[in-house]
file protein06.txt (compact mmCIF, C-alpha atoms)
# COMPACT_ATOMS: atom_id res chain seq x y z
CA MET A 8 -62.57 -72.98 -63.39
CA SER A 9 -64.01 -71.14 -60.34
CA ASP A 10 -62.92 -67.60 -59.75
CA HIS A 11 -60.38 -68.49 -57.07
CA GLY A 12 -59.39 -71.67 -58.73
CA TRP A 13 -56.68 -69.56 -60.30
CA THR A 14 -54.87 -69.15 -56.99
CA ASP A 15 -52.55 -72.10 -57.48
CA ARG A 16 -51.55 -70.91 -60.91
CA LEU A 17 -50.71 -67.34 -60.08
CA SER A 18 -46.99 -68.11 -59.92
CA GLU A 19 -47.14 -69.51 -63.43
CA TYR A 20 -48.78 -66.29 -64.52
CA VAL A 21 -46.04 -64.22 -62.88
CA ASP A 22 -43.43 -66.38 -64.65
CA GLY A 23 -45.13 -66.11 -68.03
CA GLU A 24 -45.84 -69.81 -68.22
CA LEU A 25 -49.56 -69.78 -68.97
CA SER A 26 -50.87 -70.34 -72.45
CA ALA A 27 -52.31 -67.35 -74.27
CA ASP A 28 -55.86 -68.48 -73.58
CA GLU A 29 -55.18 -69.08 -69.91
CA ARG A 30 -53.46 -65.75 -69.54
CA GLN A 31 -56.38 -63.99 -71.12
CA GLN A 32 -58.87 -65.69 -68.82
CA LEU A 33 -56.80 -64.98 -65.74
CA GLU A 34 -56.31 -61.35 -66.62
CA ALA A 35 -60.01 -60.99 -67.06
CA HIS A 36 -60.40 -62.43 -63.56
CA LEU A 37 -57.71 -60.22 -62.08
CA ALA A 38 -59.47 -57.16 -63.42
CA GLU A 39 -62.34 -58.01 -61.11
CA CYS A 40 -60.63 -59.68 -58.14
CA GLN A 41 -58.63 -57.53 -55.78
CA GLN A 42 -57.65 -60.51 -53.66
CA CYS A 43 -55.96 -62.33 -56.51
CA SER A 44 -54.44 -59.09 -57.80
CA ALA A 45 -52.91 -58.51 -54.39
CA VAL A 46 -51.48 -62.02 -54.39
CA VAL A 47 -49.94 -61.44 -57.82
CA ASP A 48 -48.32 -58.25 -56.57
CA ASP A 49 -46.91 -60.05 -53.55
CA LEU A 50 -45.59 -62.90 -55.63
CA ARG A 51 -43.77 -60.40 -57.79
CA ARG A 52 -42.29 -58.81 -54.66
CA VAL A 53 -41.08 -62.18 -53.43
CA LEU A 54 -39.46 -62.86 -56.79
CA ALA A 55 -37.86 -59.43 -56.81
CA GLY A 56 -36.57 -59.99 -53.29
CA ALA A 57 -35.00 -63.28 -54.32
CA GLN A 58 -33.34 -61.74 -57.33
CA ALA A 59 -32.00 -58.88 -55.24
CA LEU A 60 -30.20 -61.11 -52.77
CA GLU A 61 -26.51 -60.34 -52.60
CA ASP A 62 -23.86 -62.99 -52.39
CA ARG A 63 -21.52 -62.70 -49.46
CA PRO A 64 -18.30 -64.57 -48.80
CA PRO A 65 -17.84 -66.82 -45.80
CA ALA A 66 -16.76 -65.20 -42.56
CA ASP A 67 -14.04 -67.83 -42.11
CA ASP A 68 -11.06 -68.57 -44.29
CA LEU A 69 -11.98 -71.73 -46.16
CA TRP A 70 -9.03 -71.80 -48.55
CA SER A 71 -6.64 -73.40 -46.06
CA GLY A 72 -8.87 -76.43 -45.69
CA ILE A 73 -9.32 -76.69 -49.44
CA ALA A 74 -5.60 -76.39 -50.08
CA GLU A 75 -4.89 -79.12 -47.57
CA ARG A 76 -7.40 -81.47 -49.15
CA ILE A 77 -6.12 -80.97 -52.67
CA GLY A 78 -2.52 -81.32 -51.55
CA ALA A 79 -1.54 -77.79 -52.46
CA THR A 80 1.02 -75.71 -50.60
CA ARG A 81 0.08 -72.19 -49.67
CA THR A 82 1.17 -69.70 -52.30
CA GLY A 83 2.71 -66.33 -51.69
CA ALA A 84 0.94 -63.14 -52.58
CA GLY A 85 0.25 -63.07 -56.27
CA GLY A 86 2.26 -66.21 -56.83
CA GLY A 87 1.35 -69.38 -58.59
CA GLU A 88 2.98 -72.61 -57.66
CA VAL A 89 2.81 -75.76 -59.64
CA ILE A 90 1.97 -78.69 -57.42
CA ASP A 91 2.21 -82.39 -57.69
CA LEU A 92 -1.26 -83.80 -58.13
CA GLU A 93 0.05 -87.28 -58.17
CA GLY A 94 0.94 -87.23 -54.49
CA HIS A 95 -2.69 -86.62 -53.64
CA ARG A 96 -4.04 -89.07 -56.15
CA ARG A 97 -1.49 -91.69 -55.25
CA ALA A 98 -2.53 -91.49 -51.60
CA ARG A 99 -6.14 -92.02 -52.64
CA LYS A 100 -5.22 -94.96 -54.82
CA GLN A 101 -3.27 -96.57 -52.01
CA ALA A 102 -6.16 -96.10 -49.68
CA ALA A 103 -8.40 -97.86 -52.16
CA GLY A 104 -5.94 -100.73 -52.18
CA LEU A 105 -4.94 -100.52 -55.83
CA ARG A 106 -1.86 -102.53 -56.76
CA GLU A 107 0.48 -101.43 -59.52
CA ARG A 108 2.50 -103.89 -61.47
CA ARG A 109 6.03 -103.51 -62.57
CA PHE A 110 6.55 -103.21 -66.24
CA SER A 111 8.52 -101.23 -68.76
CA PHE A 112 8.11 -99.77 -72.20
CA SER A 113 7.68 -102.66 -74.56
CA LEU A 114 9.63 -103.01 -77.76
CA PRO A 115 6.45 -102.61 -79.86
CA GLN A 116 5.80 -99.31 -78.11
CA LEU A 117 9.23 -98.03 -78.93
CA VAL A 118 8.86 -99.17 -82.51
CA ALA A 119 5.54 -97.39 -82.77
CA ALA A 120 7.12 -94.24 -81.40
CA SER A 121 9.91 -94.45 -83.93
CA LEU A 122 7.41 -94.72 -86.79
CA VAL A 123 5.66 -91.61 -85.60
CA LEU A 124 8.94 -89.77 -85.47
CA ALA A 125 9.75 -90.90 -89.01
CA VAL A 126 6.57 -89.31 -90.28
CA PHE A 127 6.99 -86.05 -88.46
CA SER A 128 10.67 -85.41 -88.44
CA GLY A 129 11.72 -86.55 -91.85
CA GLY A 130 13.56 -89.65 -90.80
CA SER A 131 16.74 -88.48 -89.09
CA ALA A 132 15.38 -88.89 -85.61
CA TRP A 133 13.88 -92.23 -86.58
CA LEU A 134 17.23 -93.52 -87.74
CA ALA A 135 18.82 -92.53 -84.45
CA LEU A 136 16.03 -94.14 -82.50
CA ARG A 137 16.28 -97.34 -84.52
CA ALA A 138 19.94 -97.55 -83.71
CA GLN A 139 19.19 -97.25 -80.04
CA LEU A 140 16.36 -99.74 -80.21
CA ALA A 141 18.75 -102.26 -81.71
CA SER A 142 21.05 -101.98 -78.72
CA SER A 143 18.44 -101.64 -75.97
CA GLU A 144 16.63 -104.17 -73.89
CA GLY A 145 13.46 -102.12 -74.02
CA GLN A 146 13.88 -101.02 -70.42
CA ILE A 147 13.42 -97.45 -69.36
CA ALA A 148 15.61 -95.77 -66.81
CA SER A 149 14.14 -92.82 -65.06
CA THR A 150 16.28 -89.80 -64.93
CA PRO A 151 15.31 -86.61 -63.22
CA GLY A 152 14.75 -83.44 -65.11
CA MET A 153 12.07 -81.31 -66.64
CA ASN A 154 10.96 -81.89 -70.18
CA GLN A 155 7.69 -80.04 -70.52
CA SER A 156 8.85 -76.50 -69.97
CA GLY A 157 6.96 -74.45 -67.50
CA LEU A 158 4.83 -77.30 -66.24
CA VAL A 159 6.40 -79.26 -63.41
CA SER A 160 9.83 -79.21 -61.92
CA GLY A 161 11.56 -82.38 -60.94
CA THR A 162 9.49 -84.53 -63.32
CA PRO A 163 11.42 -87.65 -64.19
CA ARG A 164 12.12 -88.56 -67.79
CA SER A 165 11.42 -92.04 -68.94
CA SER A 166 13.86 -93.01 -71.73
CA PHE A 167 15.85 -92.24 -74.81
CA ALA A 168 12.50 -92.62 -76.65
CA ASP A 169 11.15 -89.90 -74.46
CA GLU A 170 14.06 -87.68 -75.46
CA LYS A 171 13.41 -88.31 -79.15
CA PHE A 172 9.78 -87.47 -78.72
CA GLY A 173 10.94 -84.36 -76.95
CA THR A 174 13.13 -83.31 -79.87
CA ALA A 175 10.36 -83.75 -82.43
CA ILE A 176 7.90 -82.02 -80.14
CA ALA A 177 10.26 -79.12 -79.54
CA GLU A 178 10.80 -78.66 -83.27
CA LEU A 179 7.10 -78.56 -83.98
CA GLN A 180 6.47 -76.33 -81.00
CA ARG A 181 9.05 -73.89 -82.30
CA ALA A 182 7.40 -73.84 -85.73
CA MET A 183 4.06 -73.17 -84.12
CA ASP A 184 5.41 -70.43 -81.85
CA GLU A 185 7.03 -68.64 -84.74
CA GLY A 186 3.81 -68.51 -86.65
CA ARG A 187 1.24 -68.06 -83.91
CA GLU A 188 0.89 -64.33 -84.46
CA ARG A 189 -0.69 -65.15 -87.81
CA LEU A 190 -3.52 -66.93 -86.07
CA ALA A 191 -6.63 -65.39 -84.52
CA PRO A 192 -6.36 -64.87 -80.74
CA GLU A 193 -9.23 -67.23 -80.15
CA THR A 194 -7.47 -69.93 -82.15
CA VAL A 195 -4.28 -69.38 -80.21
CA ARG A 196 -6.20 -69.65 -76.95
CA THR A 197 -7.78 -72.92 -78.05
CA ILE A 198 -4.40 -74.30 -79.08
CA GLU A 199 -2.81 -73.30 -75.79
CA LYS A 200 -5.66 -74.79 -73.82
CA ASN A 201 -5.39 -78.09 -75.64
CA LEU A 202 -1.64 -78.14 -75.16
CA TRP A 203 -2.04 -77.57 -71.43
CA THR A 204 -4.45 -80.48 -71.24
CA ILE A 205 -2.07 -82.78 -73.13
CA ASN A 206 0.98 -81.57 -71.18
CA ARG A 207 -0.82 -82.17 -67.93
CA ALA A 208 -1.64 -85.74 -68.92
CA ILE A 209 1.98 -86.33 -69.94
CA ALA A 210 3.33 -84.83 -66.73
CA GLN A 211 1.03 -86.86 -64.55
CA ALA A 212 1.83 -90.09 -66.38
CA ARG A 213 5.56 -89.40 -65.98
CA ARG A 214 5.24 -88.70 -62.27
CA ALA A 215 3.24 -91.85 -61.75
CA LEU A 216 5.74 -93.84 -63.83
CA ALA A 217 8.57 -92.53 -61.70
CA GLU A 218 6.97 -94.28 -58.77
CA ASP A 219 5.98 -97.41 -60.65
CA PRO A 220 7.86 -97.64 -63.92
CA SER A 221 6.41 -101.06 -64.73
CA SER A 222 2.78 -100.09 -64.87
CA ASP A 223 1.19 -101.37 -68.09
CA TYR A 224 -1.45 -98.71 -68.11
CA LEU A 225 0.88 -95.83 -67.37
CA ASN A 226 3.38 -96.81 -70.02
CA ASP A 227 0.66 -97.18 -72.62
CA HIS A 228 -0.93 -93.96 -71.53
CA LEU A 229 2.30 -91.98 -71.74
CA ALA A 230 3.18 -93.31 -75.17
CA GLU A 231 -0.30 -92.63 -76.49
CA THR A 232 -0.46 -89.17 -75.02
CA MET A 233 2.90 -88.20 -76.51
CA ARG A 234 1.74 -89.49 -79.88
CA GLN A 235 -1.35 -87.33 -79.53
CA LYS A 236 0.77 -84.32 -78.75
CA LEU A 237 2.91 -84.91 -81.82
CA GLU A 238 -0.17 -85.25 -83.99
CA PHE A 239 -1.70 -82.13 -82.50
CA LEU A 240 1.46 -80.12 -83.06
CA ARG A 241 1.73 -81.44 -86.60
CA GLN A 242 -1.81 -80.30 -87.37
CA THR A 243 -1.25 -76.97 -85.68
CA SER A 244 1.95 -76.35 -87.59
CA ALA A 245 0.11 -77.13 -90.81
CA LEU A 246 -2.52 -74.59 -89.80
CA VAL A 247 0.16 -71.99 -89.14
CA ALA A 248 1.84 -72.71 -92.43
CA ALA A 249 -1.44 -72.31 -94.28
CA SER A 250 -2.36 -69.03 -92.61
CA MET B 20 -29.28 -68.36 -73.81
CA ASP B 21 -29.99 -67.22 -70.28
CA TRP B 22 -30.45 -70.41 -68.38
CA ASN B 23 -29.20 -69.48 -64.97
CA ARG B 24 -28.02 -66.53 -62.93
CA ALA B 25 -24.47 -67.77 -62.81
CA GLY B 26 -24.37 -67.71 -66.57
CA VAL B 27 -26.02 -64.31 -66.79
CA ARG B 28 -23.71 -62.77 -64.23
CA THR B 29 -20.66 -64.21 -65.85
CA LEU B 30 -21.74 -63.02 -69.25
CA THR B 31 -22.22 -59.52 -67.95
CA GLN B 32 -18.81 -59.38 -66.30
CA HIS B 33 -16.05 -57.36 -67.79
CA GLN B 34 -14.32 -59.25 -70.59
CA GLY B 35 -11.11 -59.16 -68.63
CA THR B 36 -12.65 -61.13 -65.81
CA LEU B 37 -13.90 -63.78 -68.22
CA ALA B 38 -10.44 -64.03 -69.70
CA LEU B 39 -8.92 -64.31 -66.23
CA ASP B 40 -11.25 -67.17 -65.38
CA ALA B 41 -10.48 -68.96 -68.61
CA ASP B 42 -6.72 -68.58 -68.20
CA ASP B 43 -6.72 -69.56 -64.55
CA ALA B 44 -8.91 -72.58 -65.29
CA VAL B 45 -6.39 -73.85 -67.81
CA LEU B 46 -3.49 -73.24 -65.43
CA ALA B 47 -5.32 -74.86 -62.54
CA ALA B 48 -6.14 -77.87 -64.69
CA ALA B 49 -2.41 -78.24 -65.23
CA GLY B 50 -1.79 -78.30 -61.50
CA ASP B 51 -1.29 -74.64 -60.65
CA ALA B 52 -2.69 -74.19 -57.14
CA GLY B 53 -2.14 -70.45 -57.25
CA ALA B 54 -4.41 -70.18 -60.25
CA PHE B 55 -7.00 -72.30 -58.51
CA GLU B 56 -6.85 -70.08 -55.47
CA ARG B 57 -7.53 -67.07 -57.66
CA LEU B 58 -10.59 -68.83 -59.06
CA TYR B 59 -11.66 -69.64 -55.53
CA GLN B 60 -11.38 -66.02 -54.43
CA ARG B 61 -13.43 -64.81 -57.37
CA HIS B 62 -16.24 -67.31 -56.92
CA VAL B 63 -16.41 -68.29 -53.24
CA ALA B 64 -19.01 -65.69 -52.32
CA ARG B 65 -21.47 -67.04 -54.84
CA ILE B 66 -20.86 -70.69 -54.00
CA HIS B 67 -20.97 -70.11 -50.26
CA SER B 68 -24.20 -68.17 -50.58
CA LEU B 69 -25.75 -71.02 -52.54
CA ALA B 70 -24.57 -73.54 -49.96
CA ARG B 71 -25.88 -71.42 -47.14
CA ARG B 72 -29.29 -71.01 -48.72
CA MET B 73 -29.69 -74.67 -49.57
CA MET B 74 -27.91 -76.36 -46.67
CA GLY B 75 -28.10 -73.80 -43.87
CA GLU B 76 -25.40 -71.89 -42.02
CA ASP B 77 -24.07 -74.87 -40.10
CA LEU B 78 -23.06 -76.83 -43.17
CA ALA B 79 -22.29 -74.01 -45.58
CA ASN B 80 -18.54 -73.84 -44.89
CA GLU B 81 -18.00 -77.56 -45.16
CA VAL B 82 -20.10 -77.87 -48.29
CA THR B 83 -18.31 -74.94 -49.91
CA GLN B 84 -15.00 -76.69 -49.35
CA ASP B 85 -16.46 -79.90 -50.78
CA VAL B 86 -17.51 -78.01 -53.89
CA PHE B 87 -14.07 -76.56 -54.56
CA VAL B 88 -12.32 -79.85 -53.91
CA ARG B 89 -14.70 -81.49 -56.39
CA VAL B 90 -14.05 -78.72 -58.90
CA TRP B 91 -10.30 -79.27 -58.55
CA GLU B 92 -10.77 -82.97 -59.21
CA LYS B 93 -12.97 -82.35 -62.24
CA LEU B 94 -11.00 -79.54 -63.84
CA ALA B 95 -9.81 -81.83 -66.58
CA THR B 96 -13.42 -82.19 -67.72
CA PHE B 97 -13.94 -78.45 -68.13
CA ARG B 98 -14.01 -77.95 -71.88
CA GLY B 99 -14.38 -74.19 -71.97
CA ASP B 100 -17.62 -74.40 -73.94
CA ALA B 101 -19.34 -72.53 -71.13
CA ALA B 102 -17.99 -69.79 -68.89
CA PHE B 103 -16.03 -71.20 -65.97
CA GLY B 104 -18.45 -69.66 -63.47
CA THR B 105 -21.37 -71.40 -65.15
CA TRP B 106 -19.60 -74.74 -65.08
CA LEU B 107 -18.49 -74.22 -61.46
CA TYR B 108 -22.01 -73.43 -60.45
CA ARG B 109 -23.35 -76.55 -62.08
CA VAL B 110 -20.82 -78.64 -60.16
CA ALA B 111 -21.80 -76.85 -56.94
CA VAL B 112 -25.48 -77.66 -57.34
CA ASN B 113 -24.66 -81.32 -57.98
CA VAL B 114 -22.41 -81.48 -54.92
CA ILE B 115 -25.02 -79.85 -52.72
CA LEU B 116 -27.82 -82.11 -53.86
CA GLY B 117 -25.60 -85.13 -53.45
CA ARG B 118 -24.63 -84.04 -49.98
CA ARG B 119 -28.23 -83.63 -48.96
CA LYS B 120 -28.98 -87.11 -50.17
CA LYS B 121 -25.99 -88.51 -48.32
CA LEU B 122 -27.01 -86.84 -45.10
CA GLY B 123 -30.43 -88.33 -45.51
CA ILE B 124 -32.08 -84.97 -45.55
CA ARG B 125 -35.41 -85.64 -47.06
CA ARG B 126 -36.50 -83.26 -49.73
CA GLU B 127 -39.63 -82.94 -47.83
CA ARG B 128 -41.60 -84.78 -50.23
CA PHE B 129 -43.26 -81.53 -50.84
CA VAL B 130 -45.42 -81.31 -47.78
CA GLU B 131 -48.70 -79.58 -47.97
CA GLY B 132 -49.49 -76.83 -45.58
CA ASP B 133 -47.51 -73.85 -44.45
CA GLU B 134 -44.65 -74.42 -42.04
CA ALA B 135 -42.27 -72.77 -39.81
CA ILE B 136 -42.00 -69.15 -40.58
CA GLY B 137 -43.19 -68.57 -37.06
CA ARG B 138 -40.18 -67.01 -35.42
CA LEU B 139 -39.49 -64.34 -37.99
CA SER B 140 -39.34 -60.76 -36.82
CA SER B 141 -41.82 -58.17 -37.88
CA GLN B 142 -41.16 -56.48 -41.17
CA PRO B 143 -37.70 -54.99 -41.00
CA VAL B 144 -36.26 -51.86 -42.53
CA GLY B 145 -33.29 -51.34 -44.79
CA SER B 146 -30.49 -53.89 -44.77
CA GLU B 147 -32.22 -55.96 -42.14
CA THR B 148 -34.74 -56.88 -44.81
CA VAL B 149 -32.14 -58.87 -46.71
CA VAL B 150 -30.95 -60.77 -43.68
CA ASP B 151 -34.45 -61.70 -42.59
CA PHE B 152 -35.45 -62.68 -46.09
CA GLU B 153 -32.49 -65.04 -46.16
CA SER B 154 -33.55 -66.41 -42.80
CA ALA B 155 -37.05 -66.93 -44.11
CA ILE B 156 -35.73 -68.89 -47.08
CA GLN B 157 -33.75 -71.18 -44.80
CA ARG B 158 -36.87 -71.92 -42.83
CA LEU B 159 -38.79 -73.15 -45.86
CA PRO B 160 -39.48 -76.87 -46.08
CA GLY B 161 -36.46 -78.55 -47.68
CA GLY B 162 -37.89 -79.44 -51.06
CA ALA B 163 -39.67 -76.13 -51.52
CA ARG B 164 -36.52 -74.35 -50.42
CA ASP B 165 -34.40 -76.12 -53.01
CA ILE B 166 -36.83 -75.22 -55.76
CA PHE B 167 -37.22 -71.63 -54.62
CA VAL B 168 -33.45 -71.10 -54.42
CA LEU B 169 -32.77 -72.78 -57.74
CA HIS B 170 -35.62 -71.01 -59.56
CA ASP B 171 -36.06 -67.58 -58.06
CA VAL B 172 -32.62 -66.91 -56.64
CA GLU B 173 -30.45 -68.70 -59.18
CA GLY B 174 -32.60 -68.59 -62.29
CA TYR B 175 -32.96 -72.25 -63.21
CA LYS B 176 -35.97 -73.26 -65.27
CA HIS B 177 -38.47 -75.83 -64.03
CA LYS B 178 -37.36 -78.37 -66.60
CA GLU B 179 -33.78 -78.17 -65.33
CA ILE B 180 -34.87 -78.27 -61.69
CA ALA B 181 -37.08 -81.28 -62.32
CA GLY B 182 -34.20 -83.09 -63.95
CA GLN B 183 -31.82 -82.34 -61.12
CA LEU B 184 -34.21 -83.19 -58.32
CA GLY B 185 -35.88 -86.16 -59.97
CA ILE B 186 -39.36 -84.68 -59.88
CA THR B 187 -41.91 -83.60 -62.46
CA GLU B 188 -42.13 -80.08 -63.76
CA GLY B 189 -45.61 -79.89 -62.31
CA THR B 190 -44.29 -80.66 -58.84
CA SER B 191 -41.55 -78.10 -59.28
CA LYS B 192 -44.10 -75.43 -60.22
CA SER B 193 -46.49 -76.23 -57.40
CA GLN B 194 -43.74 -76.27 -54.79
CA LEU B 195 -42.33 -73.00 -56.07
CA HIS B 196 -45.74 -71.47 -55.69
CA ARG B 197 -46.02 -72.93 -52.20
CA ALA B 198 -42.65 -71.41 -51.24
CA ARG B 199 -43.62 -68.03 -52.61
CA MET B 200 -46.92 -68.06 -50.79
CA ILE B 201 -45.14 -68.80 -47.52
CA LEU B 202 -42.60 -66.06 -48.10
CA ARG B 203 -45.44 -63.75 -49.10
CA GLU B 204 -46.85 -64.18 -45.62
CA TYR B 205 -43.52 -62.99 -44.31
CA LEU B 206 -43.58 -59.92 -46.52
CA ASP B 207 -46.98 -59.05 -45.20
CA ARG B 208 -45.81 -58.88 -41.61

call {"tool": "encode", "arguments": {"input": "protein06.txt", "output": "structure tokens"}}
result
Amino acid sequence: MSDHGWTDRLSEYVDGELSADERQQLEAHLAECQQCSAVVDDLRRVLAGAQALEDRPPADDLWSGIAERIGATRTGAGGGEVIDLEGHRRARKQAAGLRERRFSFSLPQLVAASLVLAVFSGGSAWLALRAQLASSEGQIASTPGMNQSGLVSGTPRSSFADEKFGTAIAELQRAMDEGRERLAPETVRTIEKNLWTINRAIAQARRALAEDPSSDYLNDHLAETMRQKLEFLRQTSALVAAS
Amino acid sequence: MDWNRAGVRTLTQHQGTLALDADDAVLAAAGDAGAFERLYQRHVARIHSLARRMMGEDLANEVTQDVFVRVWEKLATFRGDAAFGTWLYRVAVNVILGRRKKLGIRRERFVEGDEAIGRLSSQPVGSETVVDFESAIQRLPGGARDIFVLHDVEGYKHKEIAGQLGITEGTSKSQLHRARMILREYLDR
């Protein structure tokens, strides 16, 4: 390679990306070439200048536009307000021309839920659910109220099955809460994060169901998500008990 | 693993700030707009600066808003296996590159030859240096600018840049060198 054939590779040298042999050859060249040495110095100054750049916030308030696009209301100082994501997402779905069918919780879904409850709650809740299943038509009436504490206000409930899930969930949640101090903080954080994710999915499915209670997908999704929450709480309670 | 400046900065923040980000990310994922606004306030300077450097002043505000709206939509996919700032930054780069593509801004197919530093002032003093250096970066040819910002300003490696821009590592290296040589001319003035 000619003496100044190294010019195009000087950045690689500055970044430490040459092989050992190449670096050795180049350094031998630099020892004798002021021009290339000067270029290397300048390249290092450019890199240093880039790394020294400070971030600065926008001159304008951009949050208002963001809040409007995500469907959030402006919060007060230091406050946090839970918002309805479904309003925003529903608007997008309507714009895309999605149609939602009318449906209701099927009898098999309610039976499946009752089996889960039998496993987790020792049977008493299952017996009560079975009695209600026997007298129901498998339809779900939405009633307003909040089930997932601290998450969303005004979230509609779906059915008596929902209430039974809620009872089993609450019992397991209580067992977990009572024993959480025995767990490592990192474990508690992971558990809480996972619960937030599951609760969010449940809350969103409920809100969407309130608008279209007959949606196949939403009914299935809610039932499955609540089963997942029960399973998660069961496993977590077992972890607490073992700690 | 130090794979980008966002990750490095986040890792060097006070532990309380990391915990705040993690907690607010979980709350925001559950629909808490107040928590999301807190995340926005902590990270907007970095995101806006990236947008400004890669898209220019005119589009920086709009692109910054696009980034945060996308982040809000994707919060459910944030697994917490990286710091929130790192994940946010990754989303920002993807949004910016997608926006450039959508606007039909060519990534300069890596033109040869120096361009367009012409109107820069003579070498400034003090804080003016930073402003002019930023101006110089924005005048780089588009593709070289992307690579320079991602590599030298934000700390990406060539392999990552190549993957994001759909180019070879060799092209990334040569264009970085081209950008530095142009900016070197500026430093010499």

call {"tool": "atom_distance", "arguments": {"input": "protein06.txt", "atom1": "atom CA of Thr14 of chain A", "atom2": "atom CA of Gln31 of chain A"}}
result
15.1 Å

call {"tool": "atom_distance", "arguments": {"input": "protein06.txt", "atom1": "atom CA of Gln60 of chain B", "atom2": "atom CA of Trp203 of chain A"}}
result
22.6 Å

call {"tool": "residues_around", "arguments": {"input": "protein06.txt", "residues": "Trp13 of chain A", "least_positions_apart": "3", "cutoff": "12 Å", "atoms": "all atoms listed in the file", "output": "ChimeraX atom specification"}}
result
/A:8-10,16-20,25,29-30,32-37,40,42-44,46-47

call {"tool": "atom_distance", "arguments": {"input": "protein06.txt", "atom1": "atom CA of Ala70 of chain B", "atom2": "atom CA of Ile115 of chain B"}}
result
6.9 Å

call {"tool": "axis_aligned_box", "arguments": {"input": "protein06.txt", "around": "segment 52-59 of chain B", "padding_each_side": "8 Å", "output": "lines of an AutoDock Vina configuration file"}}
result
center_x = -6.9
center_y = -70.6
center_z = -57.9
size_x = 25.5
size_y = 23.1
size_z = 20.8

call {"tool": "closest_residue", "arguments": {"input": "protein06.txt", "among": "A:Arg234, A:Arg51, A:Arg213, A:Arg207", "to": "chain B", "atoms": "only C-alpha atoms"}}
result
A:Arg207

call {"tool": "closest_residue", "arguments": {"input": "protein06.txt", "among": "A:Ala175, A:Ala38, A:Ile198, A:Ala208", "to": "chain B", "atoms": "only C-alpha atoms"}}
result
A:Ala208

call {"tool": "closest_atom_pairs", "arguments": {"input": "protein06.txt", "of": "chain B", "to": "chain A", "cutoff": "6 Å", "atoms": "only C-alpha atoms", "output": "JSON lines"}}
result
{"residue": "B:Ala49", "atom": "CA", "partner": "A:Arg207", "partner_atom": "CA", "distance": 5.0}
{"residue": "B:Gly50", "atom": "CA", "partner": "A:Ile90", "partner_atom": "CA", "distance": 5.6}
{"residue": "B:Asp51", "atom": "CA", "partner": "A:Val89", "partner_atom": "CA", "distance": 4.4}
{"residue": "B:Ala52", "atom": "CA", "partner": "A:Glu88", "partner_atom": "CA", "distance": 5.9}
{"residue": "B:Gly53", "atom": "CA", "partner": "A:Gly87", "partner_atom": "CA", "distance": 3.9}
{"residue": "B:Ala64", "atom": "CA", "partner": "A:Pro64", "partner_atom": "CA", "distance": 3.8}
{"residue": "B:Arg65", "atom": "CA", "partner": "A:Asp62", "partner_atom": "CA", "distance": 5.3}
{"residue": "B:Ser68", "atom": "CA", "partner": "A:Asp62", "partner_atom": "CA", "distance": 5.5}
{"residue": "B:Gln84", "atom": "CA", "partner": "A:Ile73", "partner_atom": "CA", "distance": 5.7}
{"residue": "B:Asp171", "atom": "CA", "partner": "A:Ala57", "partner_atom": "CA", "distance": 5.8}
{"residue": "B:Val172", "atom": "CA", "partner": "A:Ala57", "partner_atom": "CA", "distance": 4.9}
{"residue": "B:His196", "atom": "CA", "partner": "A:Ser18", "partner_atom": "CA", "distance": 5.5}
{"residue": "B:Arg203", "atom": "CA", "partner": "A:Asp49", "partner_atom": "CA", "distance": 6.0}

call {"tool": "closest_residue", "arguments": {"input": "protein06.txt", "among": "A:Asp227, A:Leu216, A:Val195, A:Glu39", "to": "Met183 of chain A", "atoms": "all atoms listed in the file"}}
result
A:Val195

call {"tool": "residues_around", "arguments": {"input": "protein06.txt", "residues": "Glu179 of chain B", "least_positions_apart": "6", "cutoff": "12 Å", "atoms": "only C-alpha atoms", "output": "list in words"}}
result
Trp22, Asn23, Arg109, Val112, Ile166, Leu169, His170, Glu173, Gly185, Ile186, Thr187, Glu188, Ser191 and Lys192 of chain B

call {"tool": "write_last_selection", "arguments": {"input": "protein06.txt", "atoms": "C-alpha atoms", "output": "short mmCIF file (atom, residue, chain, number, x, y, z; two decimals), keeping the file's coordinate frame"}}
result
data_model
loop_
_atom_site.label_atom_id
_atom_site.label_comp_id
_atom_site.auth_asym_id
_atom_site.auth_seq_id
_atom_site.Cartn_x
_atom_site.Cartn_y
_atom_site.Cartn_z
CA TRP B 22 -30.45 -70.41 -68.38
CA ASN B 23 -29.20 -69.48 -64.97
CA ARG B 109 -23.35 -76.55 -62.08
CA VAL B 112 -25.48 -77.66 -57.34
CA ILE B 166 -36.83 -75.22 -55.76
CA LEU B 169 -32.77 -72.78 -57.74
CA HIS B 170 -35.62 -71.01 -59.56
CA GLU B 173 -30.45 -68.70 -59.18
CA GLY B 185 -35.88 -86.16 -59.97
CA ILE B 186 -39.36 -84.68 -59.88
CA THR B 187 -41.91 -83.60 -62.46
CA GLU B 188 -42.13 -80.08 -63.76
CA SER B 191 -41.55 -78.10 -59.28
CA LYS B 192 -44.10 -75.43 -60.22
#

call {"tool": "closest_residue", "arguments": {"input": "protein06.txt", "among": "B:Ile66, B:Glu92, B:Arg98, B:Leu107", "to": "Asn80 of chain B", "atoms": "only C-alpha atoms"}}
result
B:Ile66

call {"tool": "closest_residue", "arguments": {"input": "protein06.txt", "among": "B:Arg118, B:Ala47, B:Ala95, B:Val110", "to": "Glu81 of chain B", "atoms": "all atoms listed in the file"}}
result
B:Arg118

call {"tool": "residues_around", "arguments": {"input": "protein06.txt", "residues": "Phe97 of chain B", "least_positions_apart": "2", "cutoff": "10 Å", "atoms": "all atoms listed in the file", "output": "VMD selection string"}}
result
chain B and resid 44 to 45 48 90 93 to 95 99 to 103 106 to 107
